[in-house]
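Encoded as structure tokens, the structure appears first; notes follow it.
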Amino acid sequence: MRAPNAPTHSTGPARGLSDTLEKVRPEHLRKVVSASFAGTVVEWFDFAIYGYMATHIAATFFTSTDPVIGLLEAFAVFAVAFALRPLGGIVFGRLGDRLGRKRILVLTVLLMSASTAAIGLIPGQEAIGVWAAVLLAVARCVQGLSAGGEYAGATIYVVEHSPDRRRNRHSSAMSAATFVSFALAAGLGALLSTVLPPAAMGEWGWRVLFLLSIPMGLIAFYIRSKLHESPEFQAMVEESAHRPAPTLGQVVRTQWPQMLKLGGFVMLTALSFYIFSTYMATFLIQVVGLPQHLALLSSLVSLLFATALSPVMGRVSDRIGRRRTMQLAASLLVVLTIPAYMLAETGTLGGAVAGQLLIATGAVTANVVTSVLISEMFSTDVRYTASGMSYNITYAVFGGTAPYIATWLVASTGNSLAPAVYVSIVAAVSLVVVSAFIRETAGRPLRRFHDDPVAADA
């Protein structure tokens, strides 16, 4: 079956990815990257604001008089969305491998925008009781489904347009998009927290951020609807005219070693990203006692730094290779996370910014190399499904639970450095996995079929 926008000419099985990409003009590649970047910003802005508004969500939707318990309940619902991400990765991954990347990217941004706007409209627990928390959880589940198909699909779409030796240079734009979306959420949250009285912010101000998803989602939908299918997917469809598409069972049976290897590094990417981008703001407010607007300002500065660092690390990864970049990321997080928390504990804006910048260096490096690794470790016919499953299952386990576990660790141990120790341990384990099991994939042609004899990382 021909994919949408598939070319009418034959590419032939002997044609490689480099031949296909000769037809991707630089101006078209820039358009692909820009459009994918814009859509990902909107998608992850919608997902980010829940973490920054967690204290207000806890007060609105949960009845506990203990702020720590209320916050744990809010972060439990935060984790619920991640529990649905693996399902989203499977569903949208299968559709993306069969119908193409573009259609799924249009669908995911619509689902995310609608569910985010719904959170801004749900009445609080004082108005509808326990149904407030139930509806909140439902909306977060839809967000999780959407997110499960988003990031893997967006990075795959860009990588499948990119030249072999500059793949991470271009895919790093998707990492930058996630950081700038969190920066946008932090910046708008800080602005509202500054201009609105605390009572107004808690009553209705936080809802404004969620309702912004309506116009932003419509813009993203328009941008993505103008895209065309990736040339690598088009070529794969033409070459697979007499090849049955792999079933989900076949994907799991043939790809599980690669999926486990990828998960061994993505666990660090997921944990460091959400400890840096989401939990640190809560840590600064709830544990350190920094005012909300200063905590969000610190997050804004560090996230803008992360955005600027992403393309730099993409070029570094293309130059030194994926394994060395992954080892660098793990080593940075082993060494710098505990000092970062010690700086944040000083209770000053300068200390908060310095601490977050330290964590950012490792988190950005891990995030950037992951953005290309999820494509390079799998062939075109199973790429969306296999990478989506591995990436999202790992994110559910280590990313979705990160704020909850960090909050619980501080509350149960009384040690504010406990979350930093947790990150350092996971980083050390990830360093071992990378060094022992993951081979180099940089610069090698992408495979089109999972039984090709030459693999980037067999």
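Following the order of the structure tokens, first chain is A, next is B, and so on, with residues numbered from 1 inside each chain and ligands from 1 in the order they appear.
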Residues within 10 Å of Val369 of chain A, only C-alpha atoms, excluding chain neighbours under 4 positions, as a list of chain:residue names |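 Returned residues: A:Asn168, A:Arg169, A:Ser171, A:Ser172, A:Ser175, A:Phe265, A:Val266, A:Thr269, A:Ser310, A:Met313, A:Gly314, A:Val316, A:Ser317, A:Asp318, A:Gly321, A:Arg322, A:Arg323, A:Thr325, A:Met326, A:Ala329, A:Val364, A:Thr365, A:Leu373, A:Ile374.
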Excluding same-chain residues fewer than 3 positions from segment 41-44 of chain A, what lies within 8 Å of it counting only C-alpha atoms, as a ChimeraX atom specification?
-> /A:37-38,47-48,109,112-113,147,150,177-178,180-182,213,216-217,220
Selection to disk with C-alpha atoms, as a compact mmCIF listing (two decimals), in the first residue's frame:
```txt
# COMPACT_ATOMS: atom_id res chain seq x y z
CA PHE A 37 10.72 22.39 15.97
CA ALA A 38 7.64 24.61 16.11
CA PHE A 47 3.11 18.96 28.83
CA ALA A 48 5.50 21.21 30.81
CA VAL A 109 -0.43 17.82 18.42
CA MET A 112 -2.17 17.26 23.24
CA SER A 113 -3.72 20.70 22.74
CA ALA A 147 3.35 12.44 24.09
CA GLU A 150 5.33 12.80 19.58
CA ALA A 177 12.51 22.50 21.20
CA THR A 178 11.78 20.55 24.39
CA VAL A 180 12.61 26.06 24.93
CA SER A 181 9.06 24.82 25.52
CA PHE A 182 9.84 24.33 29.21
CA SER A 213 -2.85 25.53 24.23
CA MET A 216 -0.89 27.40 19.99
CA GLY A 217 -2.28 24.02 18.97
CA ALA A 220 1.08 23.88 15.19
```
Give me, as JSON lines, the closest atom pair and its distance (Å, one decimal) for every residue of segment 181-287 of chain A within a cut-off of 9 Å of segment 414-424 of chain A, counting only C-alpha atoms, rows sorted by chain and rising number.
```
{"residue": "A:Leu268", "atom": "CA", "partner": "A:Val423", "partner_atom": "CA", "distance": 7.8}
{"residue": "A:Leu271", "atom": "CA", "partner": "A:Val423", "partner_atom": "CA", "distance": 7.0}
{"residue": "A:Ser272", "atom": "CA", "partner": "A:Val423", "partner_atom": "CA", "distance": 6.8}
{"residue": "A:Ile275", "atom": "CA", "partner": "A:Pro419", "partner_atom": "CA", "distance": 8.3}
{"residue": "A:Phe283", "atom": "CA", "partner": "A:Ser416", "partner_atom": "CA", "distance": 8.7}
{"residue": "A:Val287", "atom": "CA", "partner": "A:Ser416", "partner_atom": "CA", "distance": 7.4}
```
Keeping only C-alpha atoms, take the residues you just selected and write them out as an mmCIF file, in the first residue's frame.
```
data_model
loop_
_atom_site.group_PDB
_atom_site.id
_atom_site.type_symbol
_atom_site.label_atom_id
_atom_site.label_comp_id
_atom_site.auth_asym_id
_atom_site.auth_seq_id
_atom_site.Cartn_x
_atom_site.Cartn_y
_atom_site.Cartn_z
ATOM 1 C CA LEU A 268 19.376 8.641 32.343
ATOM 2 C CA LEU A 271 15.550 11.114 34.839
ATOM 3 C CA SER A 272 17.962 14.000 34.289
ATOM 4 C CA ILE A 275 14.815 16.404 37.580
ATOM 5 C CA PHE A 283 12.667 21.749 45.092
ATOM 6 C CA VAL A 287 12.514 22.605 50.153
#
```
Residues near Ile90 of chain A, cut-off 10 Å, only C-alpha atoms, skip fewer than 5 positions along chain, as a ChimeraX atom specification | /A:85,95-96,145,148-149,248,384-390,392-393
Backbone DSSP call of alpha helix (DSSP H) for segment 45-293 of chain A, listed as a PyMOL selection string | chain A and resi 45-52+54-61+67-99+101-121+125-128+130-159+167-195+198-200+206-211+213-225+231-239+248-274+280-282+292-293
